[in-house]
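Novice: The file below is my_file.tsv, TSV, C-alpha atoms (C1' of nucleotides):
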chain	number	residue	atom	x	y	z
D	248	MET	CA	-81.93	97.19	-80.26
D	249	SER	CA	-85.21	95.42	-81.04
D	250	GLN	CA	-87.34	96.21	-84.07
D	251	GLU	CA	-89.94	97.46	-81.59
D	252	ASP	CA	-87.47	99.88	-79.98
D	253	MET	CA	-86.20	101.08	-83.34
D	254	LEU	CA	-89.70	102.35	-84.13
D	255	LYS	CA	-89.77	104.58	-81.03
D	256	LEU	CA	-89.62	108.28	-81.73
D	257	GLU	CA	-86.87	108.94	-79.20
D	258	ASN	CA	-84.60	106.49	-81.01
D	259	GLN	CA	-84.88	108.17	-84.42
D	260	VAL	CA	-81.68	109.84	-85.59
D	261	CYS	CA	-83.52	111.62	-88.37
D	262	PHE	CA	-86.22	113.02	-86.13
D	263	ALA	CA	-83.59	114.34	-83.70
D	264	LEU	CA	-81.88	116.05	-86.62
D	265	TYR	CA	-85.14	117.29	-88.12
D	266	SER	CA	-86.50	118.78	-84.92
D	267	CYS	CA	-83.17	120.27	-83.88
D	268	ALA	CA	-82.73	121.93	-87.27
D	269	LYS	CA	-86.24	123.38	-87.13
D	270	GLU	CA	-85.81	124.79	-83.63
D	271	MET	CA	-82.41	126.24	-84.46
D	272	THR	CA	-83.84	127.89	-87.55
D	273	LYS	CA	-86.52	129.48	-85.37
D	274	LEU	CA	-83.79	131.16	-83.33
D	275	TYR	CA	-82.99	133.28	-86.40
D	276	GLN	CA	-86.50	134.64	-86.74
D	277	PRO	CA	-86.36	137.62	-84.34
D	278	LEU	CA	-82.94	138.60	-85.73
D	279	LEU	CA	-83.97	138.31	-89.37
D	280	LYS	CA	-87.25	140.13	-88.87
D	281	HIS	CA	-85.27	143.35	-88.51
D	282	LEU	CA	-83.79	142.76	-91.96
D	283	GLY	CA	-87.08	141.73	-93.52
D	284	LEU	CA	-85.73	138.29	-94.46
D	285	THR	CA	-86.90	134.74	-93.83
D	286	TYR	CA	-84.33	132.05	-93.04
D	287	THR	CA	-84.33	130.66	-96.57
D	288	GLN	CA	-84.00	134.15	-98.01
D	289	TYR	CA	-81.12	134.78	-95.57
D	290	ILE	CA	-79.09	131.76	-96.65
D	291	THR	CA	-79.70	132.76	-100.25
D	292	MET	CA	-78.29	136.19	-99.48
D	293	LEU	CA	-75.30	134.58	-97.72
D	294	VAL	CA	-74.40	132.83	-100.96
D	295	LEU	CA	-74.84	135.99	-103.00
D	296	TRP	CA	-72.74	138.06	-100.60
D	297	GLU	CA	-69.93	135.56	-101.26
D	298	HIS	CA	-70.56	134.95	-104.98
D	299	ASP	CA	-72.57	137.58	-106.76
D	300	ARG	CA	-73.92	136.80	-110.21
D	301	LEU	CA	-74.90	133.13	-110.04
D	302	ASN	CA	-77.66	131.49	-112.01
D	303	VAL	CA	-80.61	129.72	-110.39
D	304	LYS	CA	-79.08	126.28	-110.79
D	305	GLU	CA	-75.76	127.26	-109.20
D	306	LEU	CA	-77.54	129.02	-106.35
D	307	GLY	CA	-79.96	126.16	-105.77
D	308	GLY	CA	-77.11	123.65	-105.95
D	309	ARG	CA	-75.27	125.35	-103.11
D	310	LEU	CA	-78.44	125.53	-101.02
D	311	PHE	CA	-79.76	122.04	-101.90
D	312	LEU	CA	-82.97	123.62	-103.19
D	313	ASP	CA	-84.60	123.09	-106.58
D	314	SER	CA	-86.14	125.58	-109.00
D	315	GLY	CA	-89.59	124.97	-107.55
D	316	THR	CA	-88.39	126.52	-104.32
D	317	MET	CA	-85.90	129.01	-105.76
D	318	THR	CA	-88.11	130.63	-108.39
D	319	PRO	CA	-90.74	132.11	-106.03
D	320	LEU	CA	-88.10	132.89	-103.41
D	321	LEU	CA	-85.97	134.83	-105.88
D	322	LYS	CA	-89.02	136.67	-107.22
D	323	LYS	CA	-89.72	137.75	-103.66
D	324	LEU	CA	-86.13	138.93	-103.12
D	325	GLU	CA	-86.40	140.83	-106.41
D	326	SER	CA	-89.67	142.48	-105.44
D	327	ASN	CA	-88.06	143.52	-102.15
D	328	GLY	CA	-85.25	145.16	-104.07
D	329	TRP	CA	-82.32	142.99	-102.92
D	330	ILE	CA	-81.53	141.29	-106.23
D	331	THR	CA	-82.06	141.49	-109.98
D	332	ARG	CA	-83.04	138.58	-112.24
D	333	THR	CA	-81.83	138.83	-115.83
D	334	ARG	CA	-81.47	136.29	-118.61
D	335	ASP	CA	-77.90	135.37	-119.49
D	336	ASN	CA	-77.07	136.69	-122.98
D	337	GLN	CA	-74.62	133.82	-123.49
D	338	ASP	CA	-77.30	131.25	-122.64
D	339	GLU	CA	-80.88	132.40	-122.62
D	340	ARG	CA	-81.94	129.39	-120.55
D	341	SER	CA	-79.98	130.70	-117.56
D	342	LEU	CA	-81.25	133.41	-115.25
D	343	LEU	CA	-78.52	135.49	-113.66
D	344	ILE	CA	-79.06	136.57	-110.08
D	345	GLU	CA	-77.21	139.70	-109.01
D	346	LEU	CA	-77.27	141.83	-105.89
D	347	THR	CA	-78.62	145.36	-106.08
D	348	GLU	CA	-76.82	148.10	-104.16
D	349	ASP	CA	-79.34	147.66	-101.37
D	350	GLY	CA	-78.85	143.92	-101.41
D	351	ALA	CA	-75.09	144.28	-101.13
D	352	ALA	CA	-75.48	146.90	-98.39
D	353	LEU	CA	-77.70	144.56	-96.39
D	354	LYS	CA	-74.64	142.46	-95.62
D	355	ASP	CA	-73.44	145.06	-93.15
D	356	LYS	CA	-76.73	144.95	-91.27
D	357	ALA	CA	-76.45	141.16	-91.06
D	358	LYS	CA	-72.88	141.07	-89.81
D	359	ASP	CA	-73.79	140.47	-86.15
D	360	ILE	CA	-76.29	137.69	-86.80
D	361	PRO	CA	-73.87	134.73	-86.80
D	362	LEU	CA	-72.46	135.67	-83.39
D	363	GLN	CA	-75.91	136.40	-81.95
D	364	LEU	CA	-77.13	133.04	-83.13
D	365	PHE	CA	-74.09	131.29	-81.76
D	366	CYS	CA	-74.84	132.74	-78.31
D	367	ARG	CA	-78.46	131.60	-78.50
D	368	SER	CA	-77.39	128.06	-79.46
D	369	GLY	CA	-75.75	127.47	-76.11
D	370	LEU	CA	-72.82	125.73	-77.80
D	371	SER	CA	-69.13	126.26	-77.14
D	372	VAL	CA	-66.91	127.19	-80.06
D	373	GLU	CA	-65.47	123.68	-80.15
D	374	GLU	CA	-68.89	122.07	-80.01
D	375	ALA	CA	-70.21	124.27	-82.80
D	376	LEU	CA	-67.23	123.54	-85.04
D	377	ALA	CA	-67.46	119.80	-84.35
D	378	LEU	CA	-71.19	119.76	-84.95
D	379	ARG	CA	-70.89	121.60	-88.24
D	380	SER	CA	-68.16	119.27	-89.52
D	381	ARG	CA	-70.13	116.24	-88.45
D	382	MET	CA	-73.24	117.44	-90.27
D	383	GLN	CA	-71.29	118.24	-93.40
D	384	GLU	CA	-69.72	114.80	-93.34
D	385	VAL	CA	-73.03	113.00	-92.82
D	386	LEU	CA	-74.53	115.04	-95.63
D	387	CYS	CA	-71.70	113.91	-97.91
D	388	ARG	CA	-72.30	110.27	-97.02
D	389	ILE	CA	-76.01	110.57	-97.68
D	390	GLN	CA	-75.39	112.22	-101.04
D	391	ARG	CA	-73.04	109.39	-101.89
D	392	PHE	CA	-75.79	106.89	-101.18
D	393	GLN	CA	-78.25	108.92	-103.23
D	394	SER	CA	-75.83	108.84	-106.18
D	395	VAL	CA	-75.43	105.07	-105.91
D	396	ALA	CA	-79.21	104.63	-105.76
D	397	GLU	CA	-79.64	106.74	-108.89
D	398	ALA	CA	-76.91	104.85	-110.72
D	399	ASP	CA	-78.72	101.61	-109.84
D	400	LEU	CA	-81.87	102.91	-111.48
D	401	ASP	CA	-79.94	103.73	-114.65
D	402	GLY	CA	-78.29	100.29	-114.88
H	176	MET	CA	-63.04	133.75	-87.07
H	177	SER	CA	-63.71	137.12	-88.74
H	178	GLN	CA	-67.18	138.59	-89.09
H	179	GLU	CA	-66.67	138.18	-92.84
H	180	ASP	CA	-65.91	134.47	-92.48
H	181	MET	CA	-68.81	133.93	-90.13
H	182	LEU	CA	-71.19	135.03	-92.89
H	183	LYS	CA	-69.94	132.32	-95.27
H	184	LEU	CA	-72.41	129.54	-95.98
H	185	GLU	CA	-69.90	126.78	-95.32
H	186	ASN	CA	-69.33	128.08	-91.80
H	187	GLN	CA	-72.99	128.00	-90.78
H	188	VAL	CA	-73.84	125.38	-88.17
H	189	CYS	CA	-77.55	125.83	-88.74
H	190	PHE	CA	-77.34	125.43	-92.51
H	191	ALA	CA	-75.32	122.23	-92.10
H	192	LEU	CA	-78.00	120.92	-89.77
H	193	TYR	CA	-80.84	122.15	-91.98
H	194	SER	CA	-79.50	120.66	-95.21
H	195	CYS	CA	-78.45	117.39	-93.57
H	196	ALA	CA	-81.88	116.95	-91.99
H	197	LYS	CA	-83.61	117.61	-95.32
H	198	GLU	CA	-81.46	115.16	-97.25
H	199	MET	CA	-81.83	112.50	-94.60
H	200	THR	CA	-85.59	112.95	-94.64
H	201	LYS	CA	-85.53	112.43	-98.39
H	202	LEU	CA	-83.97	108.99	-97.84
H	203	TYR	CA	-87.27	107.89	-96.31
H	204	GLN	CA	-89.34	108.78	-99.33
H	205	PRO	CA	-88.95	105.58	-101.43
H	206	LEU	CA	-89.53	103.46	-98.31
H	207	LEU	CA	-92.58	105.40	-97.13
H	208	LYS	CA	-94.15	105.54	-100.58
H	209	HIS	CA	-94.97	101.83	-100.23
H	210	LEU	CA	-96.94	102.63	-97.07
H	211	GLY	CA	-98.64	105.70	-98.51
H	212	LEU	CA	-97.15	107.97	-95.87
H	213	THR	CA	-95.12	111.17	-95.99
H	214	TYR	CA	-92.28	111.68	-93.52
H	215	THR	CA	-94.36	113.90	-91.23
H	216	GLN	CA	-97.24	111.45	-91.33
H	217	TYR	CA	-94.75	108.66	-90.53
H	218	ILE	CA	-93.38	110.31	-87.39
H	219	THR	CA	-96.96	111.00	-86.31
H	220	MET	CA	-97.73	107.30	-86.69
H	221	LEU	CA	-94.56	106.43	-84.74
H	222	VAL	CA	-95.93	108.37	-81.77
H	223	LEU	CA	-99.35	106.77	-82.06
H	224	TRP	CA	-97.90	103.26	-82.31
H	225	GLU	CA	-96.25	103.94	-78.95
H	226	HIS	CA	-99.05	105.94	-77.32
H	227	ASP	CA	-102.47	105.51	-78.81
H	228	ARG	CA	-105.23	107.96	-77.85
H	229	LEU	CA	-103.45	111.31	-77.52
H	230	ASN	CA	-104.98	114.68	-78.17
H	231	VAL	CA	-103.64	117.12	-80.77
H	232	LYS	CA	-101.67	119.13	-78.25
H	233	GLU	CA	-99.93	116.10	-76.77
H	234	LEU	CA	-99.15	114.74	-80.21
H	235	GLY	CA	-97.91	118.08	-81.52
H	236	GLY	CA	-95.86	118.60	-78.37
H	237	ARG	CA	-93.93	115.39	-78.94
H	238	LEU	CA	-93.35	116.25	-82.60
H	239	PHE	CA	-92.61	119.97	-82.08
H	240	LEU	CA	-95.45	120.83	-84.44
H	241	ASP	CA	-98.36	123.19	-83.79
H	242	SER	CA	-102.05	122.83	-84.56
H	243	GLY	CA	-101.63	124.68	-87.85
H	244	THR	CA	-99.53	121.78	-89.06
H	245	MET	CA	-101.22	118.97	-87.15
H	246	THR	CA	-104.83	119.71	-88.06
H	247	PRO	CA	-104.56	119.19	-91.83
H	248	LEU	CA	-102.09	116.33	-91.36
H	249	LEU	CA	-104.42	114.48	-89.00
H	250	LYS	CA	-107.39	115.07	-91.30
H	251	LYS	CA	-105.35	113.46	-94.05
H	252	LEU	CA	-104.45	110.45	-91.87
H	253	GLU	CA	-108.14	110.17	-90.99
H	254	SER	CA	-109.25	110.29	-94.62
H	255	ASN	CA	-106.70	107.57	-95.40
H	256	GLY	CA	-108.23	105.41	-92.70
H	257	TRP	CA	-105.28	105.18	-90.27
H	258	ILE	CA	-106.76	107.16	-87.37
H	259	THR	CA	-110.00	108.50	-85.92
H	260	ARG	CA	-110.57	112.04	-84.58
H	261	THR	CA	-113.19	112.34	-81.83
H	262	ARG	CA	-113.93	115.06	-79.30
H	263	ASP	CA	-113.06	114.16	-75.71
H	264	ASN	CA	-116.25	113.83	-73.65
H	265	GLN	CA	-114.36	114.92	-70.54
H	266	ASP	CA	-113.13	118.09	-72.23
H	267	GLU	CA	-114.83	119.10	-75.43
H	268	ARG	CA	-111.92	121.35	-76.41
H	269	SER	CA	-109.68	118.30	-76.86
H	270	LEU	CA	-109.66	116.12	-79.92
H	271	LEU	CA	-108.67	112.52	-79.27
H	272	ILE	CA	-106.57	110.80	-81.91
H	273	GLU	CA	-106.79	107.04	-82.00
H	274	LEU	CA	-105.47	104.38	-84.35
H	275	THR	CA	-107.88	102.38	-86.45
H	276	GLU	CA	-107.27	98.66	-86.90
H	277	ASP	CA	-105.60	99.45	-90.21
H	278	GLY	CA	-103.49	102.14	-88.59
H	279	ALA	CA	-102.31	99.76	-85.87
H	280	ALA	CA	-101.65	97.05	-88.46
H	281	LEU	CA	-99.51	99.41	-90.51
H	282	LYS	CA	-96.86	99.19	-87.81
H	283	ASP	CA	-95.91	95.72	-88.98
H	284	LYS	CA	-95.38	96.95	-92.53
H	285	ALA	CA	-93.12	99.71	-91.19
H	286	LYS	CA	-90.99	97.50	-89.00
H	287	ASP	CA	-88.06	97.30	-91.42
H	288	ILE	CA	-87.86	101.00	-92.18
H	289	PRO	CA	-85.55	102.06	-89.31
H	290	LEU	CA	-82.92	99.49	-90.27
H	291	GLN	CA	-83.23	100.28	-93.98
H	292	LEU	CA	-82.77	103.95	-93.25
H	293	PHE	CA	-79.82	103.28	-91.01
H	294	CYS	CA	-78.09	101.42	-93.86
H	295	ARG	CA	-78.75	104.29	-96.25
H	296	SER	CA	-77.31	106.82	-93.80
H	297	GLY	CA	-73.82	105.34	-94.05
H	298	LEU	CA	-73.34	105.71	-90.29
H	299	SER	CA	-71.97	103.13	-87.88
H	300	VAL	CA	-74.10	102.17	-84.89
H	301	GLU	CA	-71.87	104.19	-82.58
H	302	GLU	CA	-71.97	107.22	-84.85
H	303	ALA	CA	-75.74	107.07	-85.15
H	304	LEU	CA	-76.21	106.80	-81.39
H	305	ALA	CA	-73.76	109.63	-80.73
H	306	LEU	CA	-75.36	111.84	-83.37
H	307	ARG	CA	-78.84	111.28	-82.01
H	308	SER	CA	-77.78	112.07	-78.45
H	309	ARG	CA	-75.95	115.15	-79.60
H	310	MET	CA	-78.97	116.45	-81.49
H	311	GLN	CA	-81.28	115.79	-78.57
H	312	GLU	CA	-78.93	117.65	-76.25
H	313	VAL	CA	-78.59	120.64	-78.57
H	314	LEU	CA	-82.35	120.73	-78.95
H	315	CYS	CA	-82.68	120.86	-75.14
H	316	ARG	CA	-80.26	123.77	-74.93
H	317	ILE	CA	-82.08	125.69	-77.64
H	318	GLN	CA	-85.40	125.12	-75.91
H	319	ARG	CA	-83.86	126.41	-72.69
H	320	PHE	CA	-82.86	129.61	-74.47
H	321	GLN	CA	-86.31	129.92	-76.03
H	322	SER	CA	-87.86	129.68	-72.53
H	323	VAL	CA	-85.54	132.36	-71.17
H	324	ALA	CA	-86.36	134.62	-74.12
H	325	GLU	CA	-90.09	134.20	-73.51
H	326	ALA	CA	-89.70	134.87	-69.79
H	327	ASP	CA	-87.86	138.09	-70.68
H	328	LEU	CA	-90.82	139.22	-72.77
H	329	ASP	CA	-93.19	138.56	-69.86
H	330	GLY	CA	-91.03	140.46	-67.32
E	245	DT	C1'	-78.24	121.03	-141.43
E	246	DA	C1'	-82.24	118.72	-139.30
E	247	DT	C1'	-83.55	116.34	-135.52
E	248	DA	C1'	-82.93	114.05	-131.10
E	249	DA	C1'	-81.37	114.60	-126.62
E	250	DT	C1'	-80.23	117.51	-122.98
E	251	DT	C1'	-80.50	121.43	-119.99
E	252	DA	C1'	-82.43	125.54	-117.24
E	253	DA	C1'	-86.16	127.69	-115.26
E	254	DA	C1'	-90.88	127.94	-114.59
E	255	DT	C1'	-95.13	125.81	-113.44
E	256	DT	C1'	-98.41	122.65	-111.15
E	257	DG	C1'	-99.94	120.13	-107.38
E	258	DT	C1'	-99.45	118.50	-102.83
E	259	DA	C1'	-97.73	118.73	-98.19
E	260	DT	C1'	-95.70	120.91	-94.71
E	261	DG	C1'	-94.53	124.69	-91.16
E	262	DC	C1'	-95.48	128.52	-88.38
E	263	DA	C1'	-97.26	133.20	-86.69
E	264	DA	C1'	-101.36	135.22	-85.60
E	265	DT	C1'	-106.16	135.11	-84.95
E	266	DT	C1'	-110.64	133.03	-83.94
E	267	DG	C1'	-114.19	130.41	-81.61
E	268	DA	C1'	-115.65	127.28	-78.28
E	269	DA	C1'	-115.03	125.23	-73.85
E	270	DA	C1'	-113.16	125.08	-69.31
E	271	DT	C1'	-111.14	127.29	-65.32
E	272	DG	C1'	-110.12	130.90	-61.92
E	273	DC	C1'	-111.73	133.98	-58.97
E	274	DA	C1'	-114.19	137.98	-57.09
V	283	DT	C1'	-123.10	132.76	-59.79
V	284	DG	C1'	-120.88	135.85	-63.31
V	285	DC	C1'	-117.16	137.40	-65.73
V	286	DA	C1'	-112.23	137.46	-66.98
V	287	DT	C1'	-108.69	134.41	-68.20
V	288	DT	C1'	-106.89	130.46	-70.08
V	289	DT	C1'	-106.74	126.54	-73.05
V	290	DC	C1'	-107.45	123.69	-77.26
V	291	DA	C1'	-108.17	123.11	-81.99
V	292	DA	C1'	-109.19	125.25	-86.20
V	293	DT	C1'	-108.42	128.79	-89.45
V	294	DT	C1'	-105.95	132.28	-92.21
V	295	DG	C1'	-102.11	133.90	-94.59
V	296	DC	C1'	-97.60	133.43	-96.09
V	297	DA	C1'	-93.40	130.93	-97.16
V	298	DT	C1'	-91.15	127.03	-98.06
V	299	DA	C1'	-90.13	122.17	-100.10
V	300	DC	C1'	-90.19	118.93	-103.65
V	301	DA	C1'	-91.90	115.59	-107.38
V	302	DA	C1'	-93.36	115.80	-111.87
V	303	DT	C1'	-94.25	118.18	-115.96
V	304	DT	C1'	-93.72	121.86	-119.35
V	305	DT	C1'	-91.47	125.29	-122.18
V	306	DA	C1'	-87.72	127.35	-124.33
V	307	DA	C1'	-82.96	127.21	-125.51
V	308	DT	C1'	-78.79	124.71	-126.42
V	309	DT	C1'	-76.02	120.83	-127.70
V	310	DA	C1'	-75.06	116.43	-129.80
V	311	DT	C1'	-75.22	113.72	-133.62
V	312	DA	C1'	-76.77	111.27	-137.56
Kindly return the structure encoded in the file as structure tokens.

Specialist:
Amino acid sequence: MSQEDMLKLENQVCFALYSCAKEMTKLYQPLLKHLGLTYTQYITMLVLWEHDRLNVKELGGRLFLDSGTMTPLLKKLESNGWITRTRDNQDERSLLIELTEDGAALKDKAKDIPLQLFCRSGLSVEEALALRSRMQEVLCRIQRFQSVAEADLDG
Amino acid sequence: MSQEDMLKLENQVCFALYSCAKEMTKLYQPLLKHLGLTYTQYITMLVLWEHDRLNVKELGGRLFLDSGTMTPLLKKLESNGWITRTRDNQDERSLLIELTEDGAALKDKAKDIPLQLFCRSGLSVEEALALRSRMQEVLCRIQRFQSVAEADLDG
DNA sequence: TATAATTAAATTGTATGCAATTGAAATGCA
DNA sequence: TGCATTTCAATTGCATACAATTTAATTATA
């Protein structure tokens, strides 16, 4: 492919990924509105429903989000009554995030969302599984490159 | 898969897509910094390098971005001297976006970016092509569902 | 132990991103 | 022609995102 062609929008892998991710995220909106959650708040709750009592760093690490994004988001979840934010007695730098009763109970109201979303995606089960694995693998490769790039800066 | 399992973060197709797209976009940052562009500004320039003289709607349509995003972004590109924004004489509602000489010349400085990014992605040519096609196809399917959903609201 | 280095979260500043609304211009149609 | 509808861009309000910096707490080490 020529340098000229490589600059065309339709040939961009990243743009295809970027626009597809945005449009898929929008599919959640009508479903999440019932719960009073945004997409980012929803994935945060997904983590907490699996692993209650994480600190901001652990939570952000799983979601690939930094404290600049997590801090206001968690304050919002707290003000909505889904979580509590308390300093860790063992290490006062850490902030422990824990589900409230309401926050834990919200999981039941969210239980149909994954299937609903799957239907809206128009994917078959096999396609969805393959796509997810592929994305996870590409993400791993990118992270590997990022690590190498950082190591280069150090050396 | 159980309803319980479907709520786990690692089983989310959308989160895999969302996080992968974000991390891949970050790979552009060091490359684009030299040009003084953000990623969103870069993809806007990609469109204009292919099709100069589009209005905001046409430009936003190609990028899947609405006027709320495009307006400030285009004002920024204008203030940086890459584009001009002028009302269309034929239809005063439309705002024509055109490249300046500098904006057109910037294309040459960007010509290596696609290949550089490709190297950083860790993908083979075949993988990249397959991934891009896959994303474009999934995006089409999602858009189809969105259309159906809107038609339902009308009816 | 005193201090340097590190770590966690918060903060600051900038740039998206989108739903909903507004205002101006163009179009449709009675 | 005259008015309702539609269309386009801008605006408003809210919620991310992230780089860079700051603050407070902890750890490493001389």

Novice: To one decimal place, how far is atom CA of Phe262 of chain D from atom CA of Arg307 of chain H in Å?

Specialist: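 Straight-line distance from atom CA of Phe262 of chain D to atom CA of Arg307 of chain H works out to 8.6 Å.
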
Novice: Considering only C-alpha atoms (C1' of nucleotides), return as a list in words whatever protein or nucleic-acid residues lie within 8 Å of Ala268 of chain D, sequence-local ones (same chain, fewer than 6 positions apart) excluded.

Specialist: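 Counting only C-alpha atoms (C1' of nucleotides), the residues come to Cys189, Leu192, Tyr193 and Ala196 of chain H.
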
Novice: At a cut-off of 12 Å, using only C-alpha atoms (C1' of nucleotides), what residues contact Arg391 of chain D? Leave out same-chain residues fewer than 2 positions from it and give the result as number ranges by chain.

Specialist: D: 384-389, 393-398; H: 198-199, 202, 295-297

Novice: Keeping only C-alpha atoms, write the selected residues as an mmCIF file, in the frame of the given file.

Specialist:
data_model
loop_
_atom_site.group_PDB
_atom_site.id
_atom_site.type_symbol
_atom_site.label_atom_id
_atom_site.label_comp_id
_atom_site.auth_asym_id
_atom_site.auth_seq_id
_atom_site.Cartn_x
_atom_site.Cartn_y
_atom_site.Cartn_z
ATOM 1 C CA GLU D 384 -69.720 114.800 -93.340
ATOM 2 C CA VAL D 385 -73.030 113.000 -92.820
ATOM 3 C CA LEU D 386 -74.530 115.040 -95.630
ATOM 4 C CA CYS D 387 -71.700 113.910 -97.910
ATOM 5 C CA ARG D 388 -72.300 110.270 -97.020
ATOM 6 C CA ILE D 389 -76.010 110.570 -97.680
ATOM 7 C CA GLN D 393 -78.250 108.920 -103.230
ATOM 8 C CA SER D 394 -75.830 108.840 -106.180
ATOM 9 C CA VAL D 395 -75.430 105.070 -105.910
ATOM 10 C CA ALA D 396 -79.210 104.630 -105.760
ATOM 11 C CA GLU D 397 -79.640 106.740 -108.890
ATOM 12 C CA ALA D 398 -76.910 104.850 -110.720
ATOM 13 C CA GLU H 198 -81.460 115.160 -97.250
ATOM 14 C CA MET H 199 -81.830 112.500 -94.600
ATOM 15 C CA LEU H 202 -83.970 108.990 -97.840
ATOM 16 C CA ARG H 295 -78.750 104.290 -96.250
ATOM 17 C CA SER H 296 -77.310 106.820 -93.800
ATOM 18 C CA GLY H 297 -73.820 105.340 -94.050
#

Novice: Could the residues of chain E within 8 Å of chain D, counting all atoms listed in the file, be given as a list of chain:residue names, please?

Specialist: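 Going by the stated atoms only, the list reads E:DA252, E:DA253, E:DA254.
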
Novice: Report, in Å with one decimal, the straight-line distance from atom C1' of DA299 of chain V to atom CA of Gly235 of chain H.

Specialist: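 Rounded to one decimal, the two atoms are 20.6 Å apart.
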
Novice: Which chain V residues have any atom within 10 Å of an atom of chain H, and for each, what is the nearest pair of atoms with distance in Å to one decimal, counting only C-alpha atoms (C1' of nucleotides), rows sorted by chain and number, as CSV?

Specialist:
residue,atom,partner,partner_atom,distance
V:DT289,C1',H:Arg268,CA,8.1
V:DC290,C1',H:Arg268,CA,5.1
V:DA291,C1',H:Ser242,CA,6.6
V:DA292,C1',H:Thr246,CA,7.3
V:DT293,C1',H:Gly243,CA,8.1
V:DT294,C1',H:Gly243,CA,9.8
V:DA299,C1',H:Lys197,CA,9.3
V:DC300,C1',H:Lys201,CA,9.6

Novice: Given the choices D:Ala351, D:Leu278, D:Met292, D:Leu343, which gets closest to chain H if the distance is worked out from all atoms listed in the file?

Specialist: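 Closest to chain H, using all atoms listed in the file: D:Met292.
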
Novice: Could you work out how far atom CA of Ser194 of chain H lies from atom CA of Leu312 of chain D, giving the answer in Å with one decimal?

Specialist: 9.2 Å

Novice: Quick one: residues within 12 Å of Ala352 of chain D, only C-alpha atoms (C1' of nucleotides) counted, chain neighbours fewer than 2 positions away excluded, as a list of chain:residue names?

Specialist: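 Returned residues: D:Leu282, D:Met292, D:Leu295, D:Trp296, D:Gly328, D:Trp329, D:Ile330, D:Leu346, D:Thr347, D:Glu348, D:Asp349, D:Gly350, D:Lys354, D:Asp355, D:Lys356, D:Ala357, D:Lys358.
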
Novice: Given the point (-98.1, 121.4, -99.2) in the coordinates of this file, which residues lie within 10 Å, counting only C-alpha atoms (C1' of nucleotides), and how would they look as a PyMOL selection string?

Specialist: (chain E and resi 257-261) or (chain V and resi 298-300)

Novice: Return the single residue from D:Leu324, D:Leu370, D:Leu279, D:Leu353 that is closest to chain H, with distances computed using all atoms listed in the file.

Specialist: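 Checking each of D:Leu324, D:Leu370, D:Leu279, D:Leu353 against chain H, counting all atoms listed in the file, the winner is D:Leu370.
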
Novice: Restricting the calculation to all atoms listed in the file: of H:Ser177, H:Thr213, H:Thr244, H:Thr200, which residue gets closest to chain D?

Specialist: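 Checking each candidate against chain D, we get H:Thr200 as the closest.
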
Novice: Name the closest residue to chain D among the candidates H:Glu301, H:Glu253, H:Asp287, H:Asp263; distances are taken between atoms, counting all atoms listed in the file.

Specialist: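 Checking each candidate against chain D, we get H:Asp287 as the closest.
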
Novice: I need the residue nearest Thr331 of chain D from this list: D:Glu251, D:Glu257, D:Glu305, D:Asp299. Use only C-alpha atoms for the distance.

Specialist: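 The closest residue to Thr331 of chain D is D:Asp299.
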
Novice: Let me know the centre plus edge lengths, in Å and rounded to one decimal, of a box with edges along x, y and z that contains all listed atoms of segment 241-247 of chain H and is padded by 6 Å on every side, as lines of an AutoDock Vina configuration file.

Specialist:
center_x = -101.6
center_y = 121.8
center_z = -87.8
size_x = 18.5
size_y = 17.7
size_z = 20.0

Novice: From the set H:Arg237, H:Arg228, H:His209, H:Lys250, which residue has the shortest atom-to-atom contact distance to chain D, counting all atoms listed in the file?

Specialist: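 Using all atoms listed in the file, chain D sits closest to H:Arg237.
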
Novice: Complete the atoms of segment 301-309 of chain D to N, CA and C atoms and put them out as a PDB file, keeping the file's coordinate frame.

Specialist:
ATOM      1  N   LEU D 301     -74.758 134.561-109.808  1.00  0.00           N
ATOM      2  CA  LEU D 301     -74.900 133.130-110.040  1.00  0.00           C
ATOM      3  C   LEU D 301     -76.226 132.906-110.741  1.00  0.00           C
ATOM      4  N   ASN D 302     -76.346 131.803-111.460  1.00  0.00           N
ATOM      5  CA  ASN D 302     -77.660 131.490-112.010  1.00  0.00           C
ATOM      6  C   ASN D 302     -78.454 130.646-111.006  1.00  0.00           C
ATOM      7  N   VAL D 303     -79.704 130.395-111.324  1.00  0.00           N
ATOM      8  CA  VAL D 303     -80.610 129.720-110.390  1.00  0.00           C
ATOM      9  C   VAL D 303     -80.092 128.323-110.039  1.00  0.00           C
ATOM     10  N   LYS D 304     -79.563 127.643-111.028  1.00  0.00           N
ATOM     11  CA  LYS D 304     -79.080 126.280-110.790  1.00  0.00           C
ATOM     12  C   LYS D 304     -77.883 126.265-109.829  1.00  0.00           C
ATOM     13  N   GLU D 305     -76.935 127.179-110.079  1.00  0.00           N
ATOM     14  CA  GLU D 305     -75.760 127.260-109.200  1.00  0.00           C
ATOM     15  C   GLU D 305     -76.166 127.610-107.766  1.00  0.00           C
ATOM     16  N   LEU D 306     -77.062 128.561-107.663  1.00  0.00           N
ATOM     17  CA  LEU D 306     -77.540 129.020-106.350  1.00  0.00           C
ATOM     18  C   LEU D 306     -78.276 127.888-105.636  1.00  0.00           C
ATOM     19  N   GLY D 307     -79.197 127.265-106.350  1.00  0.00           N
ATOM     20  CA  GLY D 307     -79.960 126.160-105.770  1.00  0.00           C
ATOM     21  C   GLY D 307     -79.059 124.981-105.421  1.00  0.00           C
ATOM     22  N   GLY D 308     -78.047 124.744-106.214  1.00  0.00           N
ATOM     23  CA  GLY D 308     -77.110 123.650-105.950  1.00  0.00           C
ATOM     24  C   GLY D 308     -76.394 123.842-104.628  1.00  0.00           C
ATOM     25  N   ARG D 309     -75.964 125.069-104.372  1.00  0.00           N
ATOM     26  CA  ARG D 309     -75.270 125.350-103.110  1.00  0.00           C
ATOM     27  C   ARG D 309     -76.205 125.216-101.914  1.00  0.00           C
TER      28      ARG D 309
END
